[in-house]
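Okay, coords_32.txt is below, compact mmCIF, C-alpha atoms:
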# COMPACT_ATOMS: atom_id res chain seq x y z
CA MET A 13 65.29 46.19 40.20
CA THR A 14 61.88 47.67 39.51
CA LYS A 15 61.05 50.81 41.51
CA MET A 16 57.85 51.32 43.47
CA TYR A 17 56.57 54.88 43.41
CA PRO A 18 54.00 56.30 45.89
CA LEU A 19 50.47 55.40 44.83
CA LEU A 20 47.81 57.70 46.28
CA PRO A 21 44.12 56.69 46.21
CA GLN A 22 43.17 59.57 43.91
CA CYS A 23 46.03 58.73 41.53
CA MET A 24 44.88 55.13 41.37
CA THR A 25 41.29 56.18 40.65
CA ASP A 26 42.53 58.49 37.91
CA TYR A 27 44.56 55.67 36.34
CA VAL A 28 41.48 53.43 36.26
CA ASP A 29 39.41 56.25 34.75
CA LEU A 30 42.08 56.51 32.03
CA VAL A 31 41.41 52.85 31.15
CA CYS A 32 44.36 51.47 33.14
CA ARG A 33 43.58 47.77 33.45
CA GLU A 34 46.67 46.39 35.17
CA ILE A 35 49.02 47.47 37.98
CA ARG A 36 52.34 45.92 38.97
CA LEU A 37 53.37 46.67 42.55
CA ALA A 38 57.10 46.26 43.21
CA ALA A 39 56.72 45.63 46.94
CA LYS A 40 59.83 43.37 47.09
CA SER A 41 59.47 42.66 50.83
CA PHE A 42 57.13 43.12 53.79
CA GLN A 43 59.98 43.94 56.21
CA GLY A 44 60.98 47.59 56.51
CA ALA A 45 64.54 46.75 57.55
CA LEU A 46 65.04 44.53 54.51
CA LEU A 47 63.72 47.22 52.15
CA GLU A 48 66.23 49.62 53.65
CA SER A 49 69.12 47.15 53.49
CA CYS A 50 68.64 46.59 49.77
CA GLY A 51 68.42 50.30 48.98
CA ARG A 52 64.72 50.57 48.16
CA SER A 53 63.35 54.09 47.89
CA HIS A 54 60.05 53.10 49.51
CA GLY A 55 59.23 51.94 53.02
CA LEU A 56 56.86 49.33 54.39
CA SER A 57 54.09 51.83 55.11
CA GLU A 58 54.05 52.84 51.45
CA VAL A 59 53.61 49.21 50.42
CA TYR A 60 50.47 48.89 52.52
CA GLU A 61 49.20 52.30 51.38
CA ALA A 62 49.60 51.26 47.75
CA ILE A 63 47.72 48.01 48.37
CA GLU A 64 44.86 49.94 49.99
CA ALA A 65 44.76 52.37 47.06
CA ILE A 66 44.54 49.51 44.56
CA HIS A 67 41.69 47.85 46.46
CA ALA A 68 39.85 51.16 46.80
CA SER A 69 39.98 51.65 43.03
CA GLY A 70 38.15 48.38 42.39
CA LEU A 71 40.89 47.12 40.04
CA ASN A 72 41.40 43.37 40.54
CA ASN A 73 43.98 42.76 37.80
CA TRP A 74 47.17 43.58 39.63
CA SER A 75 50.48 41.90 40.29
CA LEU A 76 52.82 41.97 43.28
CA ASP A 77 56.61 41.43 43.11
CA LEU A 78 58.72 39.84 45.85
CA ILE A 79 62.48 39.26 46.06
CA SER A 80 64.11 36.49 48.07
CA SER A 81 67.72 36.09 49.26
CA LEU A 82 67.98 39.69 50.45
CA PRO A 83 70.76 40.63 52.92
CA HIS A 84 69.95 39.40 56.45
CA GLN A 85 66.72 37.76 55.24
CA SER A 86 65.66 34.72 57.26
CA LEU A 87 63.23 31.94 56.42
CA GLN A 88 60.81 33.47 58.93
CA ASP A 89 61.09 36.84 57.16
CA TRP A 90 60.37 35.21 53.83
CA GLU A 91 57.41 33.25 55.16
CA HIS A 92 55.96 36.48 56.54
CA SER A 93 56.34 38.22 53.16
CA ILE A 94 54.64 35.33 51.35
CA ASN A 95 51.78 35.34 53.86
CA GLU A 96 51.32 39.10 53.55
CA ALA A 97 51.38 38.85 49.75
CA VAL A 98 48.59 36.27 49.87
CA LYS A 99 46.56 38.44 52.28
CA ALA A 100 46.91 41.39 49.86
CA SER A 101 44.90 39.35 47.30
CA PRO A 102 46.69 40.19 44.05
CA ALA A 103 45.74 38.31 40.90
CA HIS A 104 49.39 37.63 40.07
CA VAL A 105 52.63 37.25 42.04
CA SER A 106 56.20 37.33 40.70
CA VAL A 107 58.95 35.89 42.91
CA TYR A 108 62.58 36.59 42.04
CA ASP A 109 65.85 35.58 43.65
CA LEU A 110 68.24 38.48 44.24
CA GLN A 111 71.01 38.60 41.65
CA ILE A 112 74.32 40.33 42.37
CA GLU A 113 75.55 41.86 39.12
CA GLU A 114 79.10 43.00 38.43
CA GLY A 115 79.66 46.74 38.46
CA THR A 116 76.88 47.43 40.98
CA LEU A 117 77.15 48.64 44.57
CA PHE A 118 75.67 45.35 45.69
CA ASN A 119 78.61 43.58 44.08
CA LYS A 120 80.96 45.65 46.24
CA TRP A 121 78.98 45.05 49.41
CA TYR A 122 77.97 41.41 49.10
CA LYS A 123 79.06 38.09 47.62
CA PRO A 124 76.49 35.43 46.62
CA GLY A 125 76.15 32.63 49.18
CA GLN A 126 78.12 34.54 51.83
CA SER A 127 76.69 36.18 54.95
CA PRO A 128 74.76 38.45 55.31
CA LEU A 129 73.23 37.02 52.14
CA PRO A 130 71.41 33.71 52.70
CA SER A 131 73.24 30.47 51.92
CA ASP A 132 72.51 28.59 48.70
CA ASP A 133 70.54 26.02 50.70
CA ASN A 134 68.40 28.75 52.23
CA ALA A 135 67.87 30.36 48.82
CA ALA A 136 66.56 27.03 47.53
CA GLU A 137 64.30 26.71 50.57
CA PHE A 138 62.92 30.20 49.87
CA TYR A 139 61.93 29.03 46.40
CA ARG A 140 60.33 25.82 47.67
CA MET A 141 58.39 27.72 50.32
CA ALA A 142 57.04 30.26 47.82
CA SER A 143 55.98 27.52 45.42
CA ALA A 144 54.15 25.55 48.10
CA LYS A 145 52.46 28.45 49.87
CA LEU A 146 51.34 30.31 46.76
CA GLN A 147 49.92 27.18 45.16
CA ASP A 148 48.12 26.32 48.39
CA ALA A 149 46.60 29.81 48.20
CA GLY A 150 45.20 29.15 44.72
CA PHE A 151 47.95 30.58 42.53
CA ALA A 152 49.02 28.43 39.58
CA HIS A 153 52.80 28.21 39.20
CA TYR A 154 52.68 28.68 35.45
CA GLU A 155 56.23 29.96 34.89
CA ILE A 156 59.49 29.54 36.74
CA SER A 157 59.16 32.84 38.63
CA ASN A 158 55.46 33.61 38.21
CA TYR A 159 52.17 32.61 39.82
CA ALA A 160 48.64 33.59 38.83
CA LYS A 161 45.02 33.10 39.73
CA GLU A 162 42.93 31.52 36.97
CA GLY A 163 42.68 33.81 33.95
CA PHE A 164 45.38 36.22 35.14
CA GLN A 165 48.57 34.88 33.56
CA CYS A 166 50.76 37.67 32.22
CA ARG A 167 49.89 37.75 28.50
CA HIS A 168 52.65 40.27 27.83
CA ASN A 169 55.45 38.03 29.14
CA LEU A 170 53.90 34.92 27.59
CA VAL A 171 54.76 36.47 24.23
CA TYR A 172 58.45 36.23 25.19
CA TRP A 173 58.25 32.79 26.76
CA ASN A 174 56.35 31.38 23.77
CA ASN A 175 59.04 32.85 21.49
CA LEU A 176 56.53 34.96 19.53
CA PRO A 177 57.53 38.10 17.58
CA TYR A 178 57.27 41.48 19.31
CA PHE A 179 58.17 45.14 18.91
CA ALA A 180 59.69 47.11 21.78
CA PHE A 181 60.48 50.81 21.97
CA GLY A 182 62.63 52.96 24.21
CA LEU A 183 66.13 52.97 25.69
CA GLY A 184 67.68 49.50 25.84
CA SER A 185 64.59 47.74 24.47
CA THR A 186 64.89 44.60 22.35
CA SER A 187 62.60 43.57 19.48
CA TYR A 188 62.23 40.14 17.89
CA ILE A 189 60.80 40.08 14.38
CA GLY A 190 61.14 37.44 11.66
CA GLY A 191 63.78 35.47 13.55
CA ARG A 192 65.90 38.58 14.04
CA ARG A 193 66.67 40.31 17.33
CA PHE A 194 67.87 43.86 17.66
CA SER A 195 68.37 46.14 20.65
CA ARG A 196 68.20 49.90 20.92
CA PRO A 197 71.00 51.79 22.72
CA ARG A 198 70.68 52.21 26.49
CA LYS A 199 72.01 55.78 26.66
CA PHE A 200 70.09 58.76 25.32
CA LYS A 201 72.86 60.21 23.11
CA GLN A 202 73.43 56.90 21.31
CA TYR A 203 69.67 56.32 21.14
CA ARG A 204 69.17 59.65 19.40
CA GLU A 205 71.90 58.77 16.89
CA PHE A 206 70.20 55.40 16.36
CA VAL A 207 66.87 57.08 15.57
CA GLU A 208 68.51 59.53 13.16
CA GLN A 209 70.30 56.71 11.35
CA PHE A 210 67.08 54.69 11.25
CA GLU A 211 65.24 57.60 9.60
CA SER A 212 68.02 58.28 7.09
CA SER A 213 68.12 54.61 6.04
CA GLY A 214 64.41 54.59 5.25
CA GLY A 215 63.48 52.49 8.25
CA VAL A 216 65.96 49.67 7.55
CA ILE A 217 68.05 48.05 10.28
CA GLU A 218 70.80 45.58 9.45
CA CYS A 219 70.70 42.63 11.80
CA PRO A 220 71.53 38.98 11.09
CA GLN A 221 68.87 36.31 11.31
CA ASP A 222 69.31 33.81 14.12
CA SER A 223 70.71 30.49 12.95
CA THR A 224 68.50 27.41 13.05
CA GLU A 225 70.57 26.11 15.95
CA ASP A 226 70.12 29.29 17.97
CA ARG A 227 66.39 29.37 17.26
CA ALA A 228 66.14 25.79 18.50
CA LEU A 229 68.07 26.62 21.67
CA ASP A 230 65.86 29.65 22.17
CA VAL A 231 62.71 27.50 22.01
CA ILE A 232 64.18 24.97 24.46
CA MET A 233 65.31 27.58 26.98
CA LEU A 234 62.07 29.57 26.91
CA SER A 235 59.74 26.56 26.84
CA LEU A 236 61.33 25.02 29.92
CA ARG A 237 60.57 28.22 31.83
CA LEU A 238 56.89 27.32 31.56
CA ALA A 239 55.09 24.74 33.68
CA ARG A 240 53.75 23.00 30.58
CA GLY A 241 57.30 22.54 29.24
CA LEU A 242 58.58 21.82 25.74
CA ASP A 243 56.16 20.54 23.10
CA ILE A 244 58.23 17.69 21.66
CA GLN A 245 56.03 17.13 18.61
CA ALA A 246 56.00 20.82 17.63
CA PHE A 247 59.76 20.98 18.17
CA SER A 248 60.28 17.90 15.99
CA GLN A 249 58.17 19.32 13.18
CA ARG A 250 60.10 22.58 13.24
CA PHE A 251 63.65 21.36 13.80
CA GLY A 252 63.59 17.66 12.92
CA ALA A 253 63.31 14.37 14.79
CA GLY A 254 67.09 14.05 15.02
CA LEU A 255 67.46 17.20 17.10
CA SER A 256 64.49 16.23 19.26
CA THR A 257 66.08 12.86 19.98
CA LEU A 258 69.32 14.55 21.10
CA VAL A 259 67.35 16.80 23.45
CA CYS A 260 65.44 13.87 24.93
CA LYS A 261 68.60 11.80 25.42
CA ALA A 262 70.31 14.72 27.17
CA LEU A 263 67.40 14.89 29.61
CA LEU A 264 67.38 11.20 30.58
CA PRO A 265 69.73 11.61 33.61
CA PHE A 266 67.42 14.31 34.98
CA VAL A 267 64.42 12.00 34.63
CA SER A 268 66.17 9.47 36.87
CA SER A 269 66.98 12.19 39.42
CA GLY A 270 63.39 13.46 39.48
CA HIS A 271 64.08 16.88 37.98
CA VAL A 272 62.39 16.25 34.60
CA VAL A 273 59.24 14.39 33.53
CA PHE A 274 57.98 13.30 30.11
CA LEU A 275 54.27 13.18 29.32
CA ASN A 276 52.24 11.37 26.67
CA ALA A 277 49.37 12.84 24.65
CA ASP A 278 46.94 12.11 27.49
CA GLY A 279 49.03 14.13 29.94
CA ASP A 280 50.21 11.07 31.84
CA ILE A 281 53.74 11.06 33.26
CA LEU A 282 55.73 8.25 31.67
CA ASP A 283 57.83 5.74 33.56
CA THR A 284 61.61 6.20 33.32
CA GLU A 285 62.20 2.84 31.61
CA VAL A 286 59.44 3.55 29.08
CA ILE A 287 61.02 6.91 28.24
CA LYS A 288 64.45 5.32 27.78
CA ALA A 289 63.01 2.72 25.41
CA LEU A 290 61.16 5.33 23.36
CA VAL A 291 64.14 7.69 23.13
CA GLN A 292 66.52 4.88 22.16
CA ASP A 293 64.05 3.68 19.49
CA SER A 294 65.64 4.57 16.15
CA ARG A 295 62.22 4.77 14.53
CA VAL A 296 60.22 8.00 14.52
CA PHE A 297 57.41 5.98 16.12
CA GLY A 298 59.16 6.00 19.49
CA LEU A 299 59.52 9.77 19.57
CA SER A 300 55.92 10.25 18.43
CA ARG A 301 54.67 8.79 21.71
CA LEU A 302 56.32 11.61 23.68
CA SER A 303 54.21 14.74 23.93
CA TYR A 304 55.79 17.18 26.42
CA VAL A 305 58.87 17.35 28.61
CA ARG A 306 58.94 19.68 31.57
CA LEU A 307 60.88 20.53 34.71
CA THR A 308 59.40 19.36 37.99
CA ASP A 309 58.16 21.89 40.51
CA PRO A 310 60.01 22.99 42.55
CA ASN A 311 63.21 20.91 42.33
CA GLY A 312 63.43 20.82 38.54
CA PHE A 313 62.99 24.58 38.31
CA LEU A 314 65.73 25.01 40.90
CA LEU A 315 68.13 22.98 38.74
CA SER A 316 67.07 24.66 35.49
CA ASN A 317 70.50 26.12 34.67
CA GLU A 318 72.18 22.72 34.88
CA VAL A 319 69.42 21.06 32.84
CA ILE A 320 69.58 23.68 30.08
CA ALA A 321 73.39 23.62 30.01
CA SER A 322 73.36 19.83 29.57
CA ILE A 323 71.02 20.12 26.60
CA PHE A 324 73.14 22.84 25.01
CA SER A 325 76.29 20.75 25.41
CA ALA A 326 74.63 17.76 23.75
CA LEU A 327 73.57 19.67 20.63
CA PRO A 328 75.85 20.08 17.60
CA SER A 329 76.45 23.81 18.12
CA GLY A 330 76.31 23.70 21.88
CA GLU A 331 79.91 24.81 22.37
CA ASN A 332 79.70 27.79 20.02
CA SER A 333 76.18 29.03 20.58
CA GLN A 334 75.62 32.53 21.90
CA TYR A 335 73.40 30.93 24.54
CA ARG A 336 76.23 28.65 25.64
CA ALA A 337 78.33 31.76 26.20
CA CYS A 338 75.73 33.78 28.08
CA LEU A 339 73.39 31.33 29.76
CA CYS A 340 71.06 33.42 31.89
CA ASN A 341 69.77 32.43 35.28
CA LEU A 342 66.30 31.16 34.50
CA VAL A 343 65.04 31.42 38.03
CA ASP A 344 65.55 35.17 37.98
CA TYR A 345 64.72 36.08 34.42
Structure translated into structure tokens:
Amino acid sequence: MTKMYPLLPQCMTDYVDLVCREIRLAAKSFQGALLESCGRSHGLSEVYEAIEAIHASGLNNWSLDLISSLPHQSLQDWEHSINEAVKASPAHVSVYDLQIEEGTLFNKWYKPGQSPLPSDDNAAEFYRMASAKLQDAGFAHYEISNYAKEGFQCRHNLVYWNNLPYFAFGLGSTSYIGGRRFSRPRKFKQYREFVEQFESSGGVIECPQDSTEDRALDVIMLSLRLARGLDIQAFSQRFGAGLSTLVCKALLPFVSSGHVVFLNADGDILDTEVIKALVQDSRVFGLSRLSYVRLTDPNGFLLSNEVIASIFSALPSGENSQYRACLCNLVDY
């Protein structure tokens, strides 16, 4: 989890003077007991002090992080944290569900869905509450875990979610260039060896290019993180109408259940029977009338793993794809 370091007013002013234009505040919670229970190095007073320092600096482009499903966290606790986040007036809010990873102390202390961690039903209610309250407060739910005031979407992360190329530097960082992904070592000794080898090879790194199937799965998975969803026409042009048809057919059960919607070029949500007729139409004409497909908010986003897994299983390489083997939790990406 991201750490929050003390932020003094003078430090904040100095950052702004150095042309700092964005701050991300890893508050996580507005309950001191919950911060302590999840091993945070900061307390509640430091959260409020940091918020005051940001406001005093005059910087309005700042983001606040919250985590739900913490040990002993109640719905009342979560509602209080959401309300306090809104009162703090950030331009952007990120809301993540606590993930218990193997090999961590949390994994020894707690098991997902078991007390003192909230139940799965409560975790879903946390998500619904955040979505409703933040949107009521004027934040657009533009990505599965992110909310922003108009003009303050995270351009940095949109590069990832739009599957655009990027360079990254430092321990454990991953770059994506020309359809190829490569990661740098996480430990310093191996990282130093990596740099030395990189220099001796004349700046050449051997890494395989993603297959067409994996690139298609990448586009699907990342696009469905976004509120606007998957651009069916762009996907068809890049990967073919046949693959698009398979994707659309795999999504039909989720249309009936209310977790997925299809839109036409005018942005209108299409009726279930109309979608079925268009998808079953063997002519390209039927597919051409579908513009976007997206997950509904909040219930579709909550079921995102199941939706994505169903698509992967329906595609030709679904069983063997690297994404089939390591499907990440989209709600907490």
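Using all atoms listed in the file for every distance, the candidate list A:Ser322, A:Ser143, A:Asn119, A:Ser127 yields A:Ser143 as the residue closest to Glu91 in chain A.
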Which of these, A:Ser81, A:Asn158, A:Ser325, A:Asn73, has the shortest distance to Lys123 in chain A once you count all atoms listed in the file?
->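 Using all atoms listed in the file, Lys123 in chain A sits closest to A:Ser81.
CA of Lys161 in chain A to CA of Asn276 in chain A spans 26.4 Å [interatomic distance, one decimal].
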Name the residues within 9 Å of (57.7, 29.6, 35.7), counting only C-alpha atoms in the file's coordinates, and put them as a ChimeraX atom specification.
-> /A:153-159,236-239,313,342-343
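Taking only C-alpha atoms into account, Gln202 in chain A lies nearest to A:Leu183 out of the set A:Leu242, A:Val272, A:Leu183, A:Leu56.
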Leaving out range 205-214 of chain A and any residue of its chain fewer than 4 positions from it, which residues lie within 8 Å of it when counting all atoms listed in the file, given as a list in words?
->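 Counting all atoms listed in the file, the residues come to Arg196, Pro197 and Lys201 of chain A.
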